[in-house]
>>> print(open('protein_22.pdb').read())   # PDB, C-alpha atoms
ATOM      1  CA  MET A   1     159.068 106.977 201.859
ATOM      2  CA  GLN A   2     155.525 108.321 201.857
ATOM      3  CA  ILE A   3     153.840 111.633 202.522
ATOM      4  CA  ARG A   4     150.370 111.412 204.038
ATOM      5  CA  CYS A   5     148.274 114.506 203.430
ATOM      6  CA  ASN A   6     144.920 115.928 204.431
ATOM      7  CA  VAL A   7     143.934 118.438 201.767
ATOM      8  CA  GLN A   8     140.927 120.729 202.081
ATOM      9  CA  ILE A   9     140.295 123.247 199.304
ATOM     10  CA  ASP A  10     137.155 125.306 199.886
ATOM     11  CA  SER A  11     134.605 122.759 201.145
ATOM     12  CA  ASP A  12     136.174 119.727 199.414
ATOM     13  CA  PHE A  13     138.379 117.353 201.398
ATOM     14  CA  ARG A  14     140.623 114.477 200.328
ATOM     15  CA  LYS A  15     143.199 112.271 201.980
ATOM     16  CA  VAL A  16     146.150 111.453 199.748
ATOM     17  CA  ILE A  17     149.298 109.369 200.089
ATOM     18  CA  LEU A  18     152.282 110.180 197.877
ATOM     19  CA  ALA A  19     154.777 107.341 197.610
ATOM     20  CA  SER A  20     158.225 107.985 196.189
ATOM     21  CA  GLN A  21     159.252 106.059 193.105
ATOM     22  CA  GLU A  22     162.760 104.663 192.603
ATOM     23  CA  ASN A  23     165.370 107.455 192.747
ATOM     24  CA  GLU A  24     162.655 110.101 193.155
ATOM     25  CA  THR A  25     163.869 113.133 195.094
ATOM     26  CA  PRO A  26     161.981 114.905 197.892
ATOM     27  CA  GLN A  27     161.872 118.004 195.689
ATOM     28  CA  HIS A  28     160.079 116.148 192.901
ATOM     29  CA  LEU A  29     157.548 114.699 195.324
ATOM     30  CA  ALA A  30     156.922 118.197 196.695
ATOM     31  CA  LEU A  31     156.318 119.452 193.137
ATOM     32  CA  LYS A  32     153.780 116.664 192.565
ATOM     33  CA  LEU A  33     151.966 117.599 195.753
ATOM     34  CA  ALA A  34     151.905 121.245 194.619
ATOM     35  CA  ALA A  35     150.373 120.184 191.298
ATOM     36  CA  PHE A  36     147.782 118.098 193.131
ATOM     37  CA  VAL A  37     146.749 121.135 195.175
ATOM     38  CA  LEU A  38     146.717 123.472 192.158
ATOM     39  CA  PHE A  39     144.381 121.192 190.203
ATOM     40  CA  PHE A  40     142.459 119.818 193.169
ATOM     41  CA  LYS A  41     139.072 120.743 191.682
ATOM     42  CA  SER A  42     139.796 118.593 188.609
ATOM     43  CA  LYS A  43     140.013 115.460 190.803
ATOM     44  CA  PRO A  44     143.575 114.689 189.699
ATOM     45  CA  LEU A  45     145.169 111.243 189.662
ATOM     46  CA  MET A  46     148.802 110.570 190.559
ATOM     47  CA  ASP A  47     151.081 107.622 189.796
ATOM     48  CA  VAL A  48     148.797 106.433 187.008
ATOM     49  CA  SER A  49     149.735 103.039 185.576
ATOM     50  CA  LEU A  50     150.447 102.594 181.871
ATOM     51  CA  LYS A  51     147.608 100.065 182.000
ATOM     52  CA  HIS A  52     145.099 102.815 182.771
ATOM     53  CA  PRO A  53     142.586 102.986 179.871
ATOM     54  CA  ALA A  54     143.169 106.713 179.324
ATOM     55  CA  ILE A  55     146.867 106.240 178.495
ATOM     56  CA  ALA A  56     146.997 102.577 177.479
ATOM     57  CA  GLY A  57     149.286 101.772 174.566
ATOM     58  CA  GLN A  58     151.763 104.588 175.044
ATOM     59  CA  GLU A  59     155.185 104.778 176.661
ATOM     60  CA  PHE A  60     154.725 107.873 178.836
ATOM     61  CA  ARG A  61     153.270 108.316 182.307
ATOM     62  CA  PRO A  62     152.252 111.700 183.726
ATOM     63  CA  ASP A  63     153.108 113.048 187.144
ATOM     64  CA  LEU A  64     149.475 114.081 187.435
ATOM     65  CA  LEU A  65     146.451 113.373 185.245
ATOM     66  CA  ALA A  66     142.834 114.547 185.145
ATOM     67  CA  LEU A  67     140.045 113.082 183.026
ATOM     68  CA  ASN A  68     136.807 114.451 181.622
ATOM     69  CA  GLU A  69     133.410 112.832 182.117
ATOM     70  CA  SER A  70     134.085 110.503 179.180
ATOM     71  CA  GLY A  71     137.302 109.234 180.747
ATOM     72  CA  GLU A  72     139.528 111.083 178.275
ATOM     73  CA  VAL A  73     142.641 113.029 179.222
ATOM     74  CA  GLN A  74     141.793 116.681 179.849
ATOM     75  CA  LEU A  75     144.901 117.612 181.862
ATOM     76  CA  TRP A  76     148.448 116.225 181.792
ATOM     77  CA  VAL A  77     151.018 117.646 184.224
ATOM     78  CA  GLU A  78     154.788 117.134 184.185
ATOM     79  CA  CYS A  79     156.812 118.184 187.241
ATOM     80  CA  GLY A  80     160.477 119.113 187.088
ATOM     81  CA  THR A  81     162.545 117.784 184.199
ATOM     82  CA  VAL A  82     160.769 116.914 180.953
ATOM     83  CA  THR A  83     162.169 116.525 177.439
ATOM     84  CA  SER A  84     161.005 118.400 174.360
ATOM     85  CA  HIS A  85     160.568 114.991 172.679
ATOM     86  CA  LYS A  86     158.016 113.963 175.295
ATOM     87  CA  LEU A  87     156.153 117.265 175.052
ATOM     88  CA  ASP A  88     156.035 116.951 171.265
ATOM     89  CA  LYS A  89     154.473 113.486 171.586
ATOM     90  CA  LEU A  90     151.953 114.703 174.157
ATOM     91  CA  THR A  91     150.761 117.713 172.155
ATOM     92  CA  ARG A  92     150.239 115.482 169.114
ATOM     93  CA  ARG A  93     148.361 112.756 170.992
ATOM     94  CA  TYR A  94     146.212 114.884 173.294
ATOM     95  CA  ARG A  95     145.116 117.782 171.135
ATOM     96  CA  ASN A  96     142.184 118.693 173.381
ATOM     97  CA  ALA A  97     144.031 118.416 176.692
ATOM     98  CA  ARG A  98     145.921 121.012 178.697
ATOM     99  CA  ILE A  99     149.631 120.167 178.859
ATOM    100  CA  ILE A 100     151.280 121.832 181.852
ATOM    101  CA  THR A 101     154.785 121.642 183.273
ATOM    102  CA  LEU A 102     155.594 122.803 186.802
ATOM    103  CA  LYS A 103     159.071 124.084 187.654
ATOM    104  CA  GLU A 104     160.837 125.063 190.872
ATOM    105  CA  THR A 105     162.160 128.345 189.436
ATOM    106  CA  TYR A 106     161.310 130.823 186.701
ATOM    107  CA  HIS A 107     164.792 130.367 185.232
ATOM    108  CA  GLU A 108     164.028 126.675 184.659
ATOM    109  CA  ALA A 109     160.702 127.614 183.085
ATOM    110  CA  GLU A 110     162.348 130.091 180.703
ATOM    111  CA  THR A 111     164.968 127.521 179.730
ATOM    112  CA  LEU A 112     162.304 124.957 178.875
ATOM    113  CA  ARG A 113     160.360 127.499 176.803
ATOM    114  CA  LYS A 114     163.473 128.289 174.763
ATOM    115  CA  THR A 115     164.218 124.577 174.356
ATOM    116  CA  ILE A 116     160.811 123.602 172.990
ATOM    117  CA  GLU A 117     160.847 126.571 170.620
ATOM    118  CA  LYS A 118     164.340 125.654 169.417
ATOM    119  CA  HIS A 119     163.289 122.042 168.813
ATOM    120  CA  LYS A 120     160.082 123.161 167.103
ATOM    121  CA  VAL A 121     157.730 121.170 169.323
ATOM    122  CA  GLN A 122     154.402 120.893 167.561
ATOM    123  CA  GLY A 123     151.805 122.906 169.427
ATOM    124  CA  ALA A 124     154.484 124.532 171.583
ATOM    125  CA  ASP A 125     152.106 127.413 172.285
ATOM    126  CA  ARG A 126     149.758 124.908 173.968
ATOM    127  CA  VAL A 127     152.413 123.868 176.488
ATOM    128  CA  GLU A 128     151.858 125.883 179.665
ATOM    129  CA  ILE A 129     155.003 126.310 181.751
ATOM    130  CA  TRP A 130     154.392 127.353 185.345
ATOM    131  CA  ALA A 131     157.002 128.183 187.975
ATOM    132  CA  PHE A 132     157.212 129.091 191.625
ATOM    133  CA  PRO A 133     158.210 132.741 192.109
ATOM    134  CA  ASN A 134     161.566 133.623 193.618
ATOM    135  CA  ARG A 135     162.419 131.478 196.682
ATOM    136  CA  MET A 136     158.820 130.314 197.106
ATOM    137  CA  PHE A 137     159.515 126.700 196.192
ATOM    138  CA  GLN A 138     161.837 126.520 199.190
ATOM    139  CA  GLU A 139     159.080 127.988 201.387
ATOM    140  CA  TRP A 140     156.647 125.343 200.096
ATOM    141  CA  PHE A 141     159.206 122.555 200.485
ATOM    142  CA  ASN A 142     160.052 123.561 204.049
ATOM    143  CA  ALA A 143     156.380 123.737 205.034
ATOM    144  CA  VAL A 144     155.708 120.271 203.618
ATOM    145  CA  ALA A 145     158.967 118.615 204.669
ATOM    146  CA  GLY A 146     159.218 120.140 208.108
ATOM    147  CA  GLY A 147     162.968 120.714 207.854
ATOM    148  CA  ASP A 148     166.056 118.577 207.351
ATOM    149  CA  GLU A 149     167.574 116.004 209.650
ATOM    150  CA  VAL A 150     171.289 116.768 209.627
ATOM    151  CA  SER A 151     174.207 114.759 210.973
ATOM    152  CA  GLU A 152     176.647 116.265 213.491
ATOM    153  CA  GLU A 153     179.337 116.355 210.820
ATOM    154  CA  ALA A 154     177.075 118.252 208.435
ATOM    155  CA  LYS A 155     176.300 121.002 210.928
ATOM    156  CA  HIS A 156     179.670 122.547 210.101
ATOM    157  CA  SER A 157     179.256 122.354 206.314
ATOM    158  CA  PRO A 158     177.400 124.629 203.855
ATOM    159  CA  PRO A 159     173.625 124.033 203.597
ATOM    160  CA  LEU A 160     172.320 121.603 201.012
ATOM    161  CA  GLY A 161     170.633 123.420 198.123
ATOM    162  CA  LEU A 162     167.198 122.288 197.001
ATOM    163  CA  SER A 163     168.508 121.827 193.473
ATOM    164  CA  GLU A 164     170.759 118.987 194.668
ATOM    165  CA  ALA A 165     168.997 115.665 194.186
ATOM    166  CA  VAL A 166     168.820 113.545 197.339
ATOM    167  CA  PRO A 167     166.797 110.307 197.393
ATOM    168  CA  PHE A 168     164.310 109.713 200.210
ATOM    169  CA  GLY A 169     166.033 108.333 203.253
ATOM    170  CA  GLY A 170     169.325 108.765 201.440
ATOM    171  CA  SER A 171     172.307 110.993 201.920
ATOM    172  CA  GLN A 172     174.749 113.087 199.968
ATOM    173  CA  ARG A 173     178.238 114.342 200.701
ATOM    174  CA  SER A 174     179.165 117.962 200.248
ATOM    175  CA  SER A 175     182.404 119.186 198.710
ATOM    176  CA  THR A 176     183.860 119.048 202.234
ATOM    177  CA  GLY A 177     182.883 115.387 202.585
ATOM    178  CA  ALA A 178     180.183 116.022 205.195
ATOM    179  CA  LYS A 179     177.239 113.644 205.088
ATOM    180  CA  ARG A 180     173.795 115.243 205.080
ATOM    181  CA  VAL A 181     170.587 113.258 205.517
ATOM    182  CA  VAL A 182     167.232 114.496 204.238
ATOM    183  CA  SER A 183     163.871 113.233 205.485
ATOM    184  CA  PHE A 184     160.273 114.436 205.489
ATOM    185  CA  ARG A 185     158.416 115.153 208.696
ATOM    186  CA  LYS A 186     156.699 112.248 210.386
ATOM    187  CA  GLY A 187     152.919 112.328 210.589
ATOM    188  CA  THR A 188     150.422 114.006 208.297
ATOM    189  CA  VAL A 189     150.756 117.146 206.199
ATOM    190  CA  ASP A 190     147.673 119.330 206.667
ATOM    191  CA  ILE A 191     146.819 121.680 203.798
ATOM    192  CA  VAL A 192     143.847 124.054 203.914
ATOM    193  CA  GLY A 193     143.078 126.756 201.395
ATOM    194  CA  GLU A 194     140.996 128.332 198.676
ATOM    195  CA  SER A 195     140.836 127.320 195.030
ATOM    196  CA  ALA A 196     142.377 129.707 192.520
ATOM    197  CA  GLU A 197     143.802 129.454 189.023
ATOM    198  CA  ARG A 198     147.609 129.492 189.126
ATOM    199  CA  SER A 199     147.984 130.672 192.711
ATOM    200  CA  PHE A 200     148.303 129.445 196.289
ATOM    201  CA  ASN A 201     146.256 130.805 199.162
ATOM    202  CA  LEU A 202     147.008 128.088 201.690
ATOM    203  CA  VAL A 203     147.956 127.198 205.213
ATOM    204  CA  VAL A 204     150.368 124.246 205.231
ATOM    205  CA  ASN A 205     151.086 122.756 208.654
ATOM    206  CA  ALA A 206     150.212 126.144 210.201
ATOM    207  CA  VAL A 207     152.482 128.001 207.719
ATOM    208  CA  PRO A 208     150.598 130.554 205.546
ATOM    209  CA  LEU A 209     151.567 130.584 201.863
ATOM    210  CA  GLN A 210     150.067 133.088 199.447
ATOM    211  CA  PHE A 211     151.543 133.815 196.011
ATOM    212  CA  ASP A 212     150.897 133.613 192.274
ATOM    213  CA  PHE A 213     152.756 131.223 190.002
ATOM    214  CA  LEU A 214     154.724 132.641 187.086
ATOM    215  CA  THR A 215     154.372 131.549 183.462
ATOM    216  CA  ALA A 216     157.007 131.396 180.738
TER
END
>>> encode(input="protein_22.pdb", output="C-alpha cells")
Amino acid sequence: MQIRCNVQIDSDFRKVILASQENETPQHLALKLAAFVLFFKSKPLMDVSLKHPAIAGQEFRPDLLALNESGEVQLWVECGTVTSHKLDKLTRRYRNARIITLKETYHEAETLRKTIEKHKVQGADRVEIWAFPNRMFQEWFNAVAGGDEVSEEAKHSPPLGLSEAVPFGGSQRSSTGAKRVVSFRKGTVDIVGESAERSFNLVVNAVPLQFDFLTA
C-alpha cells in the first residue's frame, strides 16, 4: 500500500510517495507523514537504506532523516515505538544531531521519558519527545486516510481504536468476532500549510488542522 502526497509548505512544494514496509500499520505511516510535514524545511529523507553513506556501518534505520550540507546526520526521527537501547546508541553516535521521537499521545510520550530516565540513556536530555495533543492524532489520521472501509458484519461491532495495529489491506477481528478492514483513501493526499516549529497550521484534503505538539 502507498500514500501519494502533494505537500506545499509556504512556497515550497514536493511530491512524496510513502510505501508501507512489512507489517507496518496505517497509524505508523501516518506518523511518518506527520514527521515529514513537521520537518519539511529540512528536506527530510524517508525509508533510508542502511547503505546510505550517512548511516553506513550501523544496524539502525530512522523513520525520517535530514542531513547538513556536509552530508552528516543533523536530524534523526523515530515514530511510534522505540527502545531506550536504540536511543542510547543514537545519542552516543550522533552527538551533534537532533534526536526526536513522535508519539500519537502525550501518555505515550510521558511513558517513554520515564523509561529512558530509568534506563539512564546517555544524553537523555537531548532526546526530544513530541506528541499529538488530545485526540488530534485521530483527526490527522482521518484527514489523511479518508475514513475506514468496514464490512457489513463490522457495522454492528464497536469501532476499531487507532491504537490497534492493523496492516495495510489487512483485517482484524474484534472481541465479537466481527471482521473490520482498514484502507487509505484512493488518490492523492493534498497538504497545504505554513511552516512552524512543533505545530501544524495545515489544510489536509480540505480539512483544516491547527494545533501545537506537546513535549515530554
>>> atom_distance(input="protein_22.pdb", atom1="atom CA of A:Val48", atom2="atom CA of A:Leu64")
7.7 Å
>>> closest_residue(input="protein_22.pdb", among="A:Thr111, A:Asn134, A:Glu59, A:Ala35", to="A:Trp76", atoms="all atoms listed in the file")
A:Ala35
>>> residues_around(input="protein_22.pdb", residues="A:Ala109", least_positions_apart="3", cutoff="7 Å", atoms="only C-alpha atoms", output="VMD selection string")
chain A and resid 103 105 to 106 112 to 113 129 to 131 216
>>> resolve_selection(input="protein_22.pdb", expression="the PyMOL selection byres ((chain A and resi 194) around 6)", output="MDAnalysis selection string")
chainID A and resid 9:10 193 195 201
>>> atom_distance(input="protein_22.pdb", atom1="atom CA of A:Glu104", atom2="atom CA of A:Gly80")
7.1 Å
>>> closest_residue(input="protein_22.pdb", among="A:Asp47, A:Asp212, A:Glu24, A:Glu117", to="A:Phe132", atoms="all atoms listed in the file")
A:Asp212
>>> atom_distance(input="protein_22.pdb", atom1="atom CA of A:Arg95", atom2="atom CA of A:Gln58")
15.3 Å
>>> resolve_selection(input="protein_22.pdb", expression="the PyMOL selection byres ((chain A and resi 83-92) around 6)", output="list in words")
Val82, Arg93, Tyr94, Arg95, Ile116, Val121, Gln122 and Gly123 of chain A
>>> resolve_selection(input="protein_22.pdb", expression="the PyMOL selection byres ((chain A and resi 98-101) around 6)", output="list in words")
Leu75, Trp76, Val77, Glu78, Cys79, Ala97, Leu102, Val127, Glu128 and Ile129 of chain A
>>> closest_residue(input="protein_22.pdb", among="A:Glu22, A:Glu139, A:Asp12, A:Glu69", to="A:Lys41", atoms="all atoms listed in the file")
A:Asp12
>>> axis_aligned_box(input="protein_22.pdb", around="stretch 190-202 of chain A", padding_each_side="4 Å", output="lines of an AutoDock Vina configuration file")
center_x = 144.6
center_y = 125.1
center_z = 197.8
size_x = 15.5
size_y = 19.5
size_z = 25.6
>>> residues_near_point(input="protein_22.pdb", point="(151.1, 132.2, 194.7)", cutoff="9 Å", atoms="all atoms listed in the file", output="short mmCIF file (atom, residue, chain, number, x, y, z; two decimals) with C-alpha atoms, in the frame of the given file")
data_model
loop_
_atom_site.label_atom_id
_atom_site.label_comp_id
_atom_site.auth_asym_id
_atom_site.auth_seq_id
_atom_site.Cartn_x
_atom_site.Cartn_y
_atom_site.Cartn_z
CA PHE A 132 157.21 129.09 191.62
CA PRO A 133 158.21 132.74 192.11
CA MET A 136 158.82 130.31 197.11
CA ARG A 198 147.61 129.49 189.13
CA SER A 199 147.98 130.67 192.71
CA PHE A 200 148.30 129.44 196.29
CA ASN A 201 146.26 130.80 199.16
CA LEU A 209 151.57 130.58 201.86
CA GLN A 210 150.07 133.09 199.45
CA PHE A 211 151.54 133.82 196.01
CA ASP A 212 150.90 133.61 192.27
CA PHE A 213 152.76 131.22 190.00
CA LEU A 214 154.72 132.64 187.09
#
>>> closest_residue(input="protein_22.pdb", among="A:Leu31, A:Thr81, A:Pro208, A:Arg14", to="A:Glu108", atoms="all atoms listed in the file")
A:Thr81
>>> residues_near_point(input="protein_22.pdb", point="(150.8, 116.9, 209.8)", cutoff="8 Å", atoms="all atoms listed in the file", output="list in words")
Arg4, Cys5, Arg185, Lys186, Gly187, Thr188, Val189, Asp190 and Asn205 of chain A
>>> decode(input="protein_22.pdb", residues="stretch 63-91 of chain A", atoms="N, CA and C atoms", output="PDB file, in the first residue's frame")
ATOM      1  N   ASP A  63      13.103   6.525  10.888  1.00  0.00           N
ATOM      2  CA  ASP A  63      11.862   6.729  10.146  1.00  0.00           C
ATOM      3  C   ASP A  63      11.993   7.941   9.239  1.00  0.00           C
ATOM      4  N   LEU A  64      12.762   8.916   9.690  1.00  0.00           N
ATOM      5  CA  LEU A  64      12.994  10.123   8.901  1.00  0.00           C
ATOM      6  C   LEU A  64      14.375  10.661   9.244  1.00  0.00           C
ATOM      7  N   LEU A  65      15.072  11.163   8.232  1.00  0.00           N
ATOM      8  CA  LEU A  65      16.451  11.619   8.396  1.00  0.00           C
ATOM      9  C   LEU A  65      16.647  12.919   7.633  1.00  0.00           C
ATOM     10  N   ALA A  66      17.427  13.834   8.206  1.00  0.00           N
ATOM     11  CA  ALA A  66      17.820  15.051   7.490  1.00  0.00           C
ATOM     12  C   ALA A  66      19.322  15.236   7.658  1.00  0.00           C
ATOM     13  N   LEU A  67      19.959  15.729   6.601  1.00  0.00           N
ATOM     14  CA  LEU A  67      21.412  15.877   6.579  1.00  0.00           C
ATOM     15  C   LEU A  67      21.800  17.345   6.488  1.00  0.00           C
ATOM     16  N   ASN A  68      23.012  17.653   6.958  1.00  0.00           N
ATOM     17  CA  ASN A  68      23.529  19.008   6.785  1.00  0.00           C
ATOM     18  C   ASN A  68      24.229  19.118   5.435  1.00  0.00           C
ATOM     19  N   GLU A  69      24.832  20.255   5.168  1.00  0.00           N
ATOM     20  CA  GLU A  69      25.455  20.482   3.864  1.00  0.00           C
ATOM     21  C   GLU A  69      26.640  19.558   3.616  1.00  0.00           C
ATOM     22  N   SER A  70      27.208  19.015   4.685  1.00  0.00           N
ATOM     23  CA  SER A  70      28.337  18.089   4.551  1.00  0.00           C
ATOM     24  C   SER A  70      27.893  16.639   4.420  1.00  0.00           C
ATOM     25  N   GLY A  71      26.580  16.416   4.413  1.00  0.00           N
ATOM     26  CA  GLY A  71      26.064  15.058   4.296  1.00  0.00           C
ATOM     27  C   GLY A  71      26.041  14.295   5.601  1.00  0.00           C
ATOM     28  N   GLU A  72      26.178  15.007   6.724  1.00  0.00           N
ATOM     29  CA  GLU A  72      26.149  14.370   8.038  1.00  0.00           C
ATOM     30  C   GLU A  72      24.747  14.461   8.632  1.00  0.00           C
ATOM     31  N   VAL A  73      24.436  13.522   9.512  1.00  0.00           N
ATOM     32  CA  VAL A  73      23.113  13.492  10.132  1.00  0.00           C
ATOM     33  C   VAL A  73      22.929  14.712  11.030  1.00  0.00           C
ATOM     34  N   GLN A  74      21.890  15.503  10.751  1.00  0.00           N
ATOM     35  CA  GLN A  74      21.571  16.627  11.630  1.00  0.00           C
ATOM     36  C   GLN A  74      20.224  16.439  12.332  1.00  0.00           C
ATOM     37  N   LEU A  75      19.423  15.478  11.826  1.00  0.00           N
ATOM     38  CA  LEU A  75      18.121  15.198  12.423  1.00  0.00           C
ATOM     39  C   LEU A  75      17.791  13.730  12.225  1.00  0.00           C
ATOM     40  N   TRP A  76      17.418  13.061  13.318  1.00  0.00           N
ATOM     41  CA  TRP A  76      17.003  11.656  13.269  1.00  0.00           C
ATOM     42  C   TRP A  76      15.659  11.571  13.976  1.00  0.00           C
ATOM     43  N   VAL A  77      14.638  11.067  13.283  1.00  0.00           N
ATOM     44  CA  VAL A  77      13.293  10.999  13.855  1.00  0.00           C
ATOM     45  C   VAL A  77      12.829   9.550  13.937  1.00  0.00           C
ATOM     46  N   GLU A  78      12.312   9.181  15.106  1.00  0.00           N
ATOM     47  CA  GLU A  78      11.689   7.881  15.333  1.00  0.00           C
ATOM     48  C   GLU A  78      10.200   8.099  15.573  1.00  0.00           C
ATOM     49  N   CYS A  79       9.361   7.329  14.898  1.00  0.00           N
ATOM     50  CA  CYS A  79       7.912   7.448  15.043  1.00  0.00           C
ATOM     51  C   CYS A  79       7.354   6.227  15.764  1.00  0.00           C
ATOM     52  N   GLY A  80       6.481   6.477  16.736  1.00  0.00           N
ATOM     53  CA  GLY A  80       5.868   5.357  17.445  1.00  0.00           C
ATOM     54  C   GLY A  80       6.830   4.703  18.417  1.00  0.00           C
ATOM     55  N   THR A  81       6.846   3.379  18.417  1.00  0.00           N
ATOM     56  CA  THR A  81       7.631   2.614  19.382  1.00  0.00           C
ATOM     57  C   THR A  81       9.124   2.703  19.094  1.00  0.00           C
ATOM     58  N   VAL A  82       9.903   2.967  20.129  1.00  0.00           N
ATOM     59  CA  VAL A  82      11.362   2.962  20.020  1.00  0.00           C
ATOM     60  C   VAL A  82      11.917   2.543  21.377  1.00  0.00           C
ATOM     61  N   THR A  83      12.991   1.761  21.368  1.00  0.00           N
ATOM     62  CA  THR A  83      13.557   1.266  22.621  1.00  0.00           C
ATOM     63  C   THR A  83      14.562   2.252  23.196  1.00  0.00           C
ATOM     64  N   SER A  84      14.741   2.181  24.514  1.00  0.00           N
ATOM     65  CA  SER A  84      15.756   3.017  25.161  1.00  0.00           C
ATOM     66  C   SER A  84      17.151   2.617  24.694  1.00  0.00           C
ATOM     67  N   HIS A  85      17.343   1.333  24.377  1.00  0.00           N
ATOM     68  CA  HIS A  85      18.643   0.865  23.867  1.00  0.00           C
ATOM     69  C   HIS A  85      18.992   1.583  22.566  1.00  0.00           C
ATOM     70  N   LYS A  86      18.028   1.683  21.670  1.00  0.00           N
ATOM     71  CA  LYS A  86      18.276   2.358  20.396  1.00  0.00           C
ATOM     72  C   LYS A  86      18.576   3.833  20.614  1.00  0.00           C
ATOM     73  N   LEU A  87      17.817   4.484  21.479  1.00  0.00           N
ATOM     74  CA  LEU A  87      18.044   5.905  21.737  1.00  0.00           C
ATOM     75  C   LEU A  87      19.414   6.138  22.365  1.00  0.00           C
ATOM     76  N   ASP A  88      19.837   5.227  23.230  1.00  0.00           N
ATOM     77  CA  ASP A  88      21.162   5.343  23.840  1.00  0.00           C
ATOM     78  C   ASP A  88      22.251   5.269  22.769  1.00  0.00           C
ATOM     79  N   LYS A  89      22.103   4.342  21.831  1.00  0.00           N
ATOM     80  CA  LYS A  89      23.069   4.214  20.736  1.00  0.00           C
ATOM     81  C   LYS A  89      23.086   5.475  19.873  1.00  0.00           C
ATOM     82  N   LEU A  90      21.908   6.013  19.590  1.00  0.00           N
ATOM     83  CA  LEU A  90      21.818   7.177  18.713  1.00  0.00           C
ATOM     84  C   LEU A  90      22.443   8.417  19.348  1.00  0.00           C
ATOM     85  N   THR A  91      22.181   8.641  20.633  1.00  0.00           N
ATOM     86  CA  THR A  91      22.739   9.832  21.281  1.00  0.00           C
ATOM     87  C   THR A  91      24.259   9.744  21.389  1.00  0.00           C
TER      88      THR A  91
END
